[in-house]
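J.: Structure supplied as upload35.csv; contents: CSV, C-alpha atoms.
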```
chain,number,residue,atom,x,y,z
A,1,MET,CA,130.5,118.1,67.9
A,2,SER,CA,129.6,114.8,66.4
A,3,PRO,CA,126.4,112.9,67.0
A,4,ALA,CA,128.3,110.4,69.1
A,5,SER,CA,129.3,113.1,71.6
A,6,SER,CA,125.7,114.1,71.8
A,7,VAL,CA,124.9,110.6,72.9
A,8,ALA,CA,127.6,110.8,75.5
A,9,ALA,CA,126.3,114.2,76.7
A,10,LEU,CA,122.8,112.8,76.9
A,11,ARG,CA,123.9,109.8,78.9
A,12,ALA,CA,125.7,112.1,81.3
A,13,ALA,CA,122.7,114.4,81.7
A,14,PHE,CA,119.9,111.9,81.8
A,15,GLY,CA,121.5,108.5,82.6
A,16,PRO,CA,118.9,105.7,82.7
A,17,ALA,CA,116.3,107.7,80.8
A,18,LEU,CA,118.5,107.0,77.7
A,19,LEU,CA,117.5,103.4,77.1
A,20,ARG,CA,120.0,102.6,74.4
A,21,ASP,CA,121.8,104.0,71.4
A,22,ARG,CA,122.9,102.8,68.0
A,23,VAL,CA,124.5,103.9,64.8
A,24,THR,CA,122.7,102.5,61.8
A,25,CYS,CA,123.5,103.3,58.2
A,26,GLY,CA,125.5,106.3,59.4
A,27,ASP,CA,122.6,107.7,61.5
A,28,THR,CA,122.7,108.0,65.2
A,29,VAL,CA,119.6,106.7,66.9
A,30,VAL,CA,118.8,107.0,70.6
A,31,TRP,CA,115.9,105.4,72.4
A,32,VAL,CA,114.6,107.4,75.4
A,33,ASP,CA,112.1,106.8,78.1
A,34,ALA,CA,108.6,108.2,77.3
A,35,SER,CA,108.3,109.9,80.7
A,36,ARG,CA,111.4,112.0,80.1
A,37,SER,CA,111.1,112.5,76.3
A,38,ARG,CA,110.0,116.1,76.5
A,39,ASP,CA,112.9,117.1,78.9
A,40,ILE,CA,115.4,115.4,76.7
A,41,LEU,CA,114.1,117.1,73.5
A,42,ALA,CA,114.0,120.5,75.2
A,43,TRP,CA,117.6,119.9,76.4
A,44,LEU,CA,118.7,118.9,72.9
A,45,LYS,CA,117.2,122.0,71.5
A,46,ASP,CA,118.4,124.6,74.0
A,47,THR,CA,121.7,123.3,75.3
A,48,PRO,CA,124.7,125.1,73.8
A,49,GLY,CA,126.7,122.7,71.8
A,50,GLN,CA,123.6,120.6,70.9
A,51,GLU,CA,121.3,123.2,69.3
A,52,PHE,CA,119.1,120.8,67.5
A,53,ASN,CA,116.9,123.7,66.4
A,54,TYR,CA,115.2,122.1,63.4
A,55,LEU,CA,112.6,119.3,63.8
A,56,THR,CA,112.8,117.5,60.5
A,57,ASP,CA,110.0,115.0,61.1
A,58,VAL,CA,107.8,113.4,63.6
A,59,THR,CA,106.5,109.9,62.7
A,60,ALA,CA,105.9,106.5,64.3
A,61,VAL,CA,106.6,102.9,63.6
A,62,ASP,CA,104.2,100.0,64.4
A,63,TYR,CA,106.0,96.7,64.2
A,64,ARG,CA,104.3,93.5,63.0
A,65,ASP,CA,105.3,91.7,66.2
A,66,PRO,CA,102.5,92.6,68.6
A,67,GLU,CA,104.8,92.3,71.6
A,68,ARG,CA,107.1,94.9,70.3
A,69,PRO,CA,106.4,98.5,71.4
A,70,LEU,CA,105.2,101.1,69.0
A,71,GLU,CA,107.9,103.8,68.5
A,72,VAL,CA,107.4,107.5,68.1
A,73,VAL,CA,110.3,108.9,66.0
A,74,TYR,CA,111.7,112.4,66.2
A,75,GLN,CA,114.2,113.3,63.5
A,76,LEU,CA,116.2,116.3,64.7
A,77,ARG,CA,118.7,118.5,62.8
A,78,SER,CA,121.0,121.2,64.0
A,79,LEU,CA,121.2,123.7,61.2
A,80,ALA,CA,124.2,125.5,62.7
A,81,ARG,CA,126.2,122.3,63.4
A,82,ARG,CA,125.0,120.4,60.3
A,83,THR,CA,124.3,117.2,62.1
A,84,ASP,CA,121.3,114.9,62.7
A,85,LEU,CA,120.0,112.9,65.5
A,86,ARG,CA,117.1,110.5,65.6
A,87,LEU,CA,115.3,110.0,68.8
A,88,LYS,CA,112.8,107.1,69.3
A,89,ILE,CA,110.3,106.8,72.1
A,90,PRO,CA,109.1,103.2,72.7
A,91,LEU,CA,105.4,103.0,73.8
A,92,ASP,CA,104.0,99.8,75.3
A,93,LYS,CA,100.9,98.9,73.3
A,94,SER,CA,99.1,97.5,76.4
A,95,ALA,CA,99.0,101.0,77.9
A,96,PRO,CA,97.4,104.1,76.4
A,97,LEU,CA,99.7,105.5,73.8
A,98,GLU,CA,100.7,108.9,75.1
A,99,VAL,CA,103.7,111.1,74.9
A,100,ASP,CA,104.3,114.8,75.7
A,101,SER,CA,103.8,117.2,72.8
A,102,VAL,CA,106.7,119.4,71.7
A,103,VAL,CA,104.7,122.0,69.9
A,104,ASP,CA,105.9,124.7,72.3
A,105,LEU,CA,109.5,123.8,71.4
A,106,TRP,CA,109.1,123.5,67.7
A,107,LYS,CA,106.0,125.0,66.3
A,108,GLY,CA,106.3,122.8,63.2
A,109,ALA,CA,105.5,119.8,65.3
A,110,ASP,CA,101.8,120.8,65.3
A,111,TRP,CA,100.7,119.2,62.1
A,112,LEU,CA,103.3,116.4,62.3
A,113,GLU,CA,102.0,115.3,65.7
A,114,ARG,CA,98.4,115.6,64.4
A,115,GLU,CA,99.4,113.2,61.5
A,116,VAL,CA,100.9,110.7,64.0
A,117,PHE,CA,97.7,110.9,66.0
A,118,ASP,CA,95.6,110.4,62.9
A,119,MET,CA,97.5,107.5,61.5
A,120,PHE,CA,98.7,105.7,64.7
A,121,GLY,CA,96.4,107.0,67.5
A,122,VAL,CA,99.2,108.3,69.7
A,123,ARG,CA,97.9,111.0,71.9
A,124,PHE,CA,100.2,114.0,72.5
A,125,ARG,CA,99.8,115.5,75.9
A,126,GLY,CA,99.6,119.3,75.7
A,127,HIS,CA,99.0,119.5,72.0
A,128,PRO,CA,96.9,122.7,71.4
A,129,ASP,CA,94.7,121.2,68.6
A,130,LEU,CA,94.9,117.4,68.5
A,131,ARG,CA,92.5,116.3,65.8
A,132,ARG,CA,92.7,114.3,62.6
A,133,ILE,CA,94.6,115.9,59.7
A,134,LEU,CA,94.5,113.5,56.8
A,135,MET,CA,91.3,111.6,57.4
A,136,TRP,CA,88.1,113.6,58.0
A,137,ASP,CA,87.0,114.5,61.5
A,138,THR,CA,84.2,112.0,61.6
A,139,TYR,CA,86.3,109.0,60.4
A,140,ALA,CA,85.3,106.2,62.6
A,141,GLU,CA,87.3,103.2,61.4
A,142,GLY,CA,90.4,103.8,63.6
A,143,HIS,CA,94.0,104.6,62.9
A,144,PRO,CA,95.0,103.3,59.4
A,145,LEU,CA,98.8,102.8,59.8
A,146,ARG,CA,98.5,100.5,62.8
A,147,LYS,CA,99.4,96.9,62.0
A,148,ASP,CA,96.0,95.7,63.4
A,149,PHE,CA,94.2,97.8,60.8
A,150,PRO,CA,93.1,95.8,57.8
A,151,LEU,CA,94.3,97.3,54.5
A,152,ARG,CA,90.8,97.9,53.2
A,153,GLY,CA,89.4,99.2,56.4
A,154,HIS,CA,87.0,97.8,58.9
A,155,PHE,CA,83.7,98.7,57.2
A,156,THR,CA,82.3,97.5,54.0
A,157,ARG,CA,82.8,99.5,50.8
A,158,ALA,CA,79.1,100.5,50.8
A,159,GLU,CA,79.3,101.8,54.4
A,160,GLN,CA,82.6,103.6,53.6
A,161,THR,CA,80.9,105.2,50.6
A,162,ARG,CA,77.8,106.2,52.6
A,163,GLN,CA,79.9,107.8,55.4
A,164,ALA,CA,82.1,109.6,52.8
A,165,LEU,CA,79.0,111.0,51.0
A,166,ALA,CA,77.4,112.0,54.3
A,167,ALA,CA,80.4,114.4,54.9
A,168,ASN,CA,79.7,118.0,54.1
A,169,PRO,CA,82.7,119.1,51.9
A,170,GLU,CA,82.1,122.7,52.8
A,171,ALA,CA,82.5,122.1,56.5
A,172,HIS,CA,86.2,121.8,55.9
A,173,TYR,CA,86.5,125.2,54.4
A,174,SER,CA,84.3,127.1,56.8
A,175,ILE,CA,87.1,127.5,59.4
A,176,GLU,CA,89.3,129.1,56.8
A,177,GLU,CA,86.5,131.3,55.6
A,178,LEU,CA,85.8,132.2,59.1
A,179,SER,CA,89.4,133.2,59.8
A,180,ILE,CA,89.4,135.4,56.7
A,181,ALA,CA,86.3,137.1,58.0
A,182,GLU,CA,87.9,137.5,61.5
A,183,ALA,CA,91.2,138.8,60.1
A,184,PHE,CA,89.3,141.5,58.1
A,185,ASP,CA,90.3,144.3,60.4
A,186,GLU,CA,94.0,143.4,60.2
A,187,LEU,CA,94.1,143.4,56.4
A,188,PRO,CA,95.8,146.3,54.5
A,189,GLU,CA,93.5,149.2,53.6
A,190,ASP,CA,93.4,148.5,49.8
A,191,VAL,CA,92.6,144.8,50.3
A,192,ARG,CA,89.9,145.8,52.8
A,193,GLN,CA,88.3,148.2,50.3
A,194,ARG,CA,88.3,145.6,47.6
A,195,LEU,CA,86.7,143.0,49.9
A,196,ALA,CA,84.2,145.5,51.1
A,197,LYS,CA,83.0,146.1,47.5
A,198,GLY,CA,81.9,142.5,47.5
A,199,GLU,CA,84.6,141.2,45.2
A,200,ARG,CA,84.9,138.0,47.3
A,201,GLY,CA,81.5,138.2,48.8
A,202,TYR,CA,82.5,139.9,52.1
A,203,VAL,CA,80.6,143.1,52.9
A,204,LYS,CA,81.5,144.8,56.2
B,1,MET,CA,71.3,116.0,46.7
B,2,GLY,CA,69.6,117.2,43.6
B,3,LEU,CA,69.7,113.9,41.7
B,4,THR,CA,66.0,113.1,42.1
B,5,ALA,CA,63.5,113.7,39.4
B,6,PRO,CA,59.9,112.3,39.2
B,7,GLU,CA,59.5,109.0,37.3
B,8,PRO,CA,57.7,109.6,33.9
B,9,THR,CA,54.2,108.3,34.0
B,10,GLU,CA,52.8,105.9,31.4
B,11,ALA,CA,50.8,108.8,29.8
B,12,GLU,CA,53.9,110.9,29.5
B,13,LEU,CA,55.7,108.1,27.8
B,14,ALA,CA,52.9,107.5,25.4
B,15,GLY,CA,52.6,111.2,24.6
B,16,VAL,CA,56.0,111.4,22.9
B,17,SER,CA,57.0,109.6,19.7
B,18,PRO,CA,59.8,110.2,17.3
B,19,ASN,CA,58.6,111.9,14.1
B,20,PHE,CA,60.4,113.7,11.3
B,21,LEU,CA,60.5,117.1,13.2
B,22,THR,CA,61.9,115.6,16.5
B,23,THR,CA,64.5,113.5,14.7
B,24,ARG,CA,65.7,116.4,12.6
B,25,LEU,CA,65.8,118.6,15.8
B,26,ASP,CA,67.7,115.8,17.6
B,27,ALA,CA,70.3,115.7,14.9
B,28,LEU,CA,70.8,119.5,15.1
B,29,THR,CA,71.0,119.7,18.9
B,30,ASN,CA,73.1,116.6,19.2
B,31,TRP,CA,75.5,117.9,16.5
B,32,GLY,CA,75.8,121.1,18.5
B,33,ARG,CA,76.3,119.4,21.8
B,34,ALA,CA,78.7,116.8,20.6
B,35,ASN,CA,81.0,119.4,19.0
B,36,SER,CA,81.1,121.9,21.8
B,37,LEU,CA,81.7,119.8,24.8
B,38,TRP,CA,83.2,121.9,27.6
B,39,PRO,CA,85.2,119.7,29.9
B,40,MET,CA,85.2,120.1,33.7
B,41,PRO,CA,88.7,118.7,34.5
B,42,PHE,CA,88.7,116.9,37.8
B,43,GLY,CA,92.4,116.0,37.9
B,44,THR,CA,93.7,114.3,41.0
B,45,ALA,CA,96.8,112.4,39.8
B,46,CYS,CA,99.1,111.4,37.0
B,47,CYS,CA,96.1,111.0,34.6
B,48,ALA,CA,95.7,114.8,34.9
B,49,ILE,CA,99.2,115.2,33.4
B,50,GLU,CA,98.1,113.2,30.4
B,51,PHE,CA,94.9,115.2,30.3
B,52,MET,CA,97.0,118.4,30.2
B,53,ALA,CA,99.0,116.9,27.3
B,54,THR,CA,95.8,116.1,25.5
B,55,ALA,CA,94.6,119.7,25.9
B,56,ALA,CA,98.0,121.2,24.9
B,57,GLY,CA,99.2,122.0,21.4
B,58,ARG,CA,100.5,118.6,20.2
B,59,PHE,CA,97.2,116.7,20.6
B,60,ASP,CA,95.0,119.9,20.7
B,61,LEU,CA,91.7,118.9,22.2
B,62,ALA,CA,90.3,122.1,20.7
B,63,ARG,CA,90.0,120.2,17.4
B,64,PHE,CA,87.0,118.4,18.9
B,65,GLY,CA,85.2,121.4,20.1
B,66,MET,CA,86.6,121.3,23.6
B,67,GLU,CA,87.9,124.8,23.2
B,68,ARG,CA,87.4,125.9,26.7
B,69,MET,CA,88.4,124.1,29.9
B,70,SER,CA,85.5,125.0,32.2
B,71,PHE,CA,86.8,125.3,35.7
B,72,SER,CA,83.4,126.2,36.9
B,73,PRO,CA,80.9,123.3,37.0
B,74,ARG,CA,78.0,125.6,36.0
B,75,GLN,CA,79.4,126.1,32.6
B,76,ALA,CA,80.6,122.6,32.0
B,77,ASP,CA,79.2,119.7,29.9
B,78,VAL,CA,81.5,116.8,30.6
B,79,LEU,CA,83.2,115.9,33.8
B,80,ILE,CA,86.5,114.2,33.2
B,81,CYS,CA,87.7,112.5,36.4
B,82,ALA,CA,91.4,112.1,35.7
B,83,GLY,CA,93.0,110.2,38.6
B,84,ARG,CA,92.2,108.3,41.7
B,85,LEU,CA,89.4,109.4,43.9
B,86,PRO,CA,89.9,109.1,47.7
B,87,PHE,CA,86.8,108.9,49.9
B,88,LYS,CA,87.6,112.4,51.2
B,89,LEU,CA,86.9,113.7,47.6
B,90,ALA,CA,83.8,111.6,47.1
B,91,PRO,CA,81.3,114.3,48.4
B,92,ILE,CA,83.2,117.0,46.5
B,93,ILE,CA,82.9,115.2,43.1
B,94,ARG,CA,79.3,114.5,43.8
B,95,ARG,CA,78.7,118.2,44.7
B,96,ILE,CA,80.4,119.2,41.4
B,97,TRP,CA,78.4,116.7,39.5
B,98,ASP,CA,75.2,118.1,41.0
B,99,GLN,CA,76.2,121.6,40.2
B,100,MET,CA,76.7,120.8,36.5
B,101,PRO,CA,73.5,121.7,34.5
B,102,GLN,CA,71.9,119.1,32.2
B,103,PRO,CA,72.8,117.9,29.7
B,104,LYS,CA,76.0,116.5,31.2
B,105,TRP,CA,78.2,113.5,30.8
B,106,ALA,CA,81.1,112.0,32.7
B,107,ILE,CA,84.3,110.4,31.5
B,108,SER,CA,86.2,108.2,34.0
B,109,MET,CA,89.8,108.5,32.9
B,110,GLY,CA,92.3,105.8,33.9
B,111,ALA,CA,92.4,102.6,35.9
B,112,CYS,CA,92.0,104.3,39.3
B,113,ALA,CA,89.0,106.4,38.5
B,114,SER,CA,87.3,103.5,36.8
B,115,THR,CA,88.1,100.7,39.4
B,116,GLY,CA,90.3,101.9,42.1
B,117,GLY,CA,93.3,100.5,40.3
B,118,ILE,CA,96.2,99.5,42.5
B,119,PHE,CA,94.8,101.5,45.4
B,120,ASP,CA,92.6,98.8,46.9
B,121,THR,CA,92.8,100.4,50.3
B,122,TYR,CA,90.8,101.9,53.1
B,123,ALA,CA,91.1,105.4,51.6
B,124,MET,CA,90.1,105.0,48.0
B,125,VAL,CA,86.8,104.9,46.1
B,126,GLN,CA,86.7,101.7,44.1
B,127,GLY,CA,85.5,103.3,40.8
B,128,ILE,CA,83.7,106.7,40.6
B,129,ASP,CA,80.7,104.9,39.1
B,130,THR,CA,79.7,104.2,42.8
B,131,ILE,CA,79.3,107.9,43.2
B,132,ILE,CA,78.2,109.4,39.9
B,133,PRO,CA,76.9,108.0,36.6
B,134,VAL,CA,79.8,107.4,34.1
B,135,ASP,CA,79.3,107.4,30.3
B,136,VAL,CA,82.8,106.4,29.1
B,137,TYR,CA,85.6,104.6,30.8
B,138,VAL,CA,89.1,105.1,29.4
B,139,PRO,CA,91.5,102.3,30.4
B,140,GLY,CA,95.2,102.9,31.0
B,141,CYS,CA,97.6,103.8,33.7
B,142,PRO,CA,97.6,106.5,32.7
B,143,PRO,CA,95.9,106.5,29.3
B,144,ARG,CA,97.9,108.2,26.6
B,145,PRO,CA,96.3,111.3,25.0
B,146,GLU,CA,95.2,109.2,22.0
B,147,GLY,CA,93.3,107.0,24.5
B,148,LEU,CA,91.5,109.9,26.0
B,149,ILE,CA,90.7,111.4,22.6
B,150,TYR,CA,89.3,108.0,21.6
B,151,GLY,CA,87.1,108.1,24.7
B,152,ILE,CA,85.9,111.6,23.9
B,153,ARG,CA,85.1,110.5,20.3
B,154,LEU,CA,83.1,107.6,21.8
B,155,LEU,CA,81.2,110.1,24.0
B,156,GLN,CA,80.5,112.3,20.9
B,157,LYS,CA,79.2,109.2,19.2
B,158,LYS,CA,77.0,108.4,22.1
B,159,ILE,CA,75.7,112.0,22.2
B,160,MET,CA,74.9,111.8,18.5
B,161,GLY,CA,72.6,108.9,19.2
B,162,GLU,CA,70.5,110.6,21.9
B,163,THR,CA,66.9,111.5,21.3
B,164,MET,CA,64.7,113.9,23.1
B,165,THR,CA,61.8,111.5,22.8
B,166,ASP,CA,63.4,109.4,25.5
B,167,PRO,CA,62.0,110.9,28.7
B,168,THR,CA,64.3,108.7,30.8
B,169,LEU,CA,67.5,110.0,29.2
B,170,ARG,CA,68.5,112.6,31.9
B,171,VAL,CA,66.8,111.0,34.8
B,172,GLU,CA,69.0,110.2,37.7
B,173,HIS,CA,67.9,108.6,41.0
B,174,LEU,CA,69.4,108.1,44.3
B,175,VAL,CA,68.4,104.7,45.5
B,176,ASP,CA,67.4,106.0,48.9
B,177,ASP,CA,67.7,109.0,51.2
B,178,ARG,CA,71.1,107.9,52.6
B,179,GLY,CA,72.9,109.4,49.6
B,180,TYR,CA,73.7,106.1,47.7
B,181,PHE,CA,73.8,106.4,44.0
B,182,LEU,CA,74.0,102.6,43.7
B,183,PRO,CA,72.4,100.0,46.0
B,184,PRO,CA,74.9,99.2,48.9
B,185,GLU,CA,75.1,95.5,47.9
B,186,ARG,CA,76.0,96.5,44.3
B,187,ILE,CA,78.8,98.8,45.6
B,188,ASP,CA,80.2,95.9,47.7
B,189,GLU,CA,80.0,93.7,44.7
B,190,ILE,CA,81.8,95.9,42.3
B,191,SER,CA,84.4,96.8,44.9
B,192,GLU,CA,85.4,93.2,45.4
B,193,PRO,CA,89.1,92.6,45.1
B,194,PHE,CA,90.4,91.2,41.9
B,195,GLY,CA,93.6,90.0,40.4
B,196,ASN,CA,96.4,89.5,42.9
B,197,SER,CA,94.7,91.4,45.7
B,198,VAL,CA,92.1,88.6,46.2
B,199,HIS,CA,94.8,86.9,48.3
B,200,GLN,CA,94.4,89.6,50.9
B,201,THR,CA,91.4,89.0,53.1
B,202,ARG,CA,89.6,91.8,54.8
B,203,SER,CA,90.8,90.6,58.2
B,204,ALA,CA,94.5,90.2,57.3
```
Take the structure in the file and write it out as structure tokens.

T.:
Amino acid sequence: MSPASSVAALRAAFGPALLRDRVTCGDTVVWVDASRSRDILAWLKDTPGQEFNYLTDVTAVDYRDPERPLEVVYQLRSLARRTDLRLKIPLDKSAPLEVDSVVDLWKGADWLEREVFDMFGVRFRGHPDLRRILMWDTYAEGHPLRKDFPLRGHFTRAEQTRQALAANPEAHYSIEELSIAEAFDELPEDVRQRLAKGERGYVK
Amino acid sequence: MGLTAPEPTEAELAGVSPNFLTTRLDALTNWGRANSLWPMPFGTACCAIEFMATAAGRFDLARFGMERMSFSPRQADVLICAGRLPFKLAPIIRRIWDQMPQPKWAISMGACASTGGIFDTYAMVQGIDTIIPVDVYVPGCPPRPEGLIYGIRLLQKKIMGETMTDPTLRVEHLVDDRGYFLPPERIDEISEPFGNSVHQTRSA
């Protein structure tokens, strides 16, 4: 089934929630309503004949025209049918930027949606762990890829340097260290014995 | 963060003077130090590739006594920052610098480590000399191995000129308790845009 027939099937199933569609540079793009986006993505993933079982990427586009809505982009691929579909969700910038998370559909969406949140400030409803992923947790200047964000940031260089130096680099690793300590009981016996001898500093 | 040391008093300054014994001892220790510099490679970008080429067989950094790459800061003498430094890495390079025992030196390799280079953005430190003291700047994007070797030879020359009768030689101060290595206005001054990027204003 070609991408064009996916569009026809989407239109039949969801009607007005499919805002428009277009083929550009050989890629099929559909714009869908934000309120139905999760239903549509779940339908595309689970319906026989669609089977878009691989989420290639989640990203967003902020256009220079302030009137134009910000778009969240889902790039889907069906590994079985070897076809792609791009799905865009326009979000009005005057309202809070929110869409439904699809982490429960594609687990790989977790970090991709965190990145969109970090860079564009789009909140994903139902995301299990929505925090910054590229910038540090205490980053206070905003969301860098938004068009209203100045290239060099809002703060002075001195203030940026101060805030960066105030961050505790080890805080980033403590969560990993913690999970290693928590997973101790599930490790294989020989690894546990090596760790217990203090090779890596864990004694239990 | 470990950079503070008491200012030498006038009496202490008066108590030391170069004589035959100290100058001969200087020559010996400096000769030893300059010819067994163990580098701590802090490679973050393409400069690190050139650094690897410098250390590999064709250019053979071992000829200059840099026999051993020290991937532990505790056994390192010279920090070579090869590549751009994002603000997220700023506290980490400072921590590594603090962990290195005296005597220690730093080489800023390449345009990005020295000035921020083309990355005049919200995420990038505009020169690592706003974070740690730098002895030698190696220009280039990235510098060729010959360039880095020239920088290392310059550093060896600088080390040969050091004297133990200078009590201020190893003293490093933070300007205040906010973690600044340079005064904030000085950081802003040396982070000013230059070249083509002056046409971009902070608000644009």

J.: Show me which bits of chain A are within 9 Å of chain B, counting all atoms listed in the file, as a list in words.

T.: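 Applying the cut-off to the listed atoms yields Leu134, Met135, Trp136, Pro144, Asp148, Phe149, Pro150, Leu151, Arg152, Gly153, His154, Phe155, Thr156, Arg157, Ala158, Glu159, Gln160, Thr161, Arg162, Gln163, Ala164, Leu165, Ala166, Ala167, Asn168, Pro169 and Glu170 of chain A.
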
J.: Quick one: everything within 9 Å of stretch 134-151 of chain B, counting only C-alpha atoms, minus sequence neighbours fewer than 3 positions away in the same chain. Send it as a PyMOL selection string.

T.: chain B and resi 46-55+59+61+64+82-83+105-114+117+128-129+154-156+158

J.: Have a look at atom CA of A:Leu79 and atom CA of A:Gly49 and let me know their distance in Å, one decimal.

T.: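 Separation between atom CA of A:Leu79 and atom CA of A:Gly49: 12.0 Å.
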
J.: Would you mind reading off the distance between atom CA of B:Val78 and atom CA of B:Pro41, one decimal, in Å?

T.: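 Going from atom CA of B:Val78 over to atom CA of B:Pro41, I get 8.4 Å.
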
J.: For A:Val72, find every residue with an atom within 7 Å (counting all atoms listed in the file), except residues of its own chain fewer than 4 positions away, and show them as a list in words.

T.: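 That gives Thr59, Ala60, Val61, Lys88, Ile89 and Pro90 of chain A.
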
J.: Please, what distance in Å, to one decimal, runs between atom CA of B:Lys157 and atom CA of B:Arg84?

T.: 26.0 Å

J.: So which residues touch A:Glu98 within 7 Å, counting all atoms listed in the file, skipping near sequence neighbours fewer than 2 positions away, as a compact mmCIF listing (two decimals) with C-alpha atoms, in the coordinates of the input?

T.:
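The new file selection02.txt reads:
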```
# COMPACT_ATOMS: atom_id res chain seq x y z
CA PRO A 96 97.40 104.10 76.40
CA ASP A 100 104.30 114.80 75.70
CA VAL A 122 99.20 108.30 69.70
CA ARG A 123 97.90 111.00 71.90
CA PHE A 124 100.20 114.00 72.50
CA ARG A 125 99.80 115.50 75.90
```

J.: Excluding same-chain residues fewer than 3 positions from B:Ile159, what lies within 12 Å of it counting all atoms listed in the file, as a list in words?

T.: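 Listed by chain and then number, they are Asp26, Ala27, Leu28, Thr29, Asn30, Trp31, Gly32, Arg33, Ala34, Asn35, Ser36, Leu37, Asp77, Val78, Pro103, Lys104, Trp105, Ala106, Asp135, Val136, Ile152, Arg153, Leu154, Leu155, Gln156, Glu162, Thr163, Met164 and Leu169 of chain B.
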
J.: Just want the 9 Å neighbourhood of stretch 96-102 of chain B, counted on all atoms listed in the file, with same-chain residues fewer than 4 positions away dropped. Output as a ChimeraX atom specification.

T.: /B:1-3,40,72-79,91-92,106,132,170

J.: Counting only C-alpha atoms, find residues at most 7 Å from (128.7, 117.4, 64.9) (file frame) and give them as a PyMOL selection string.

T.: chain A and resi 1-3+81-83
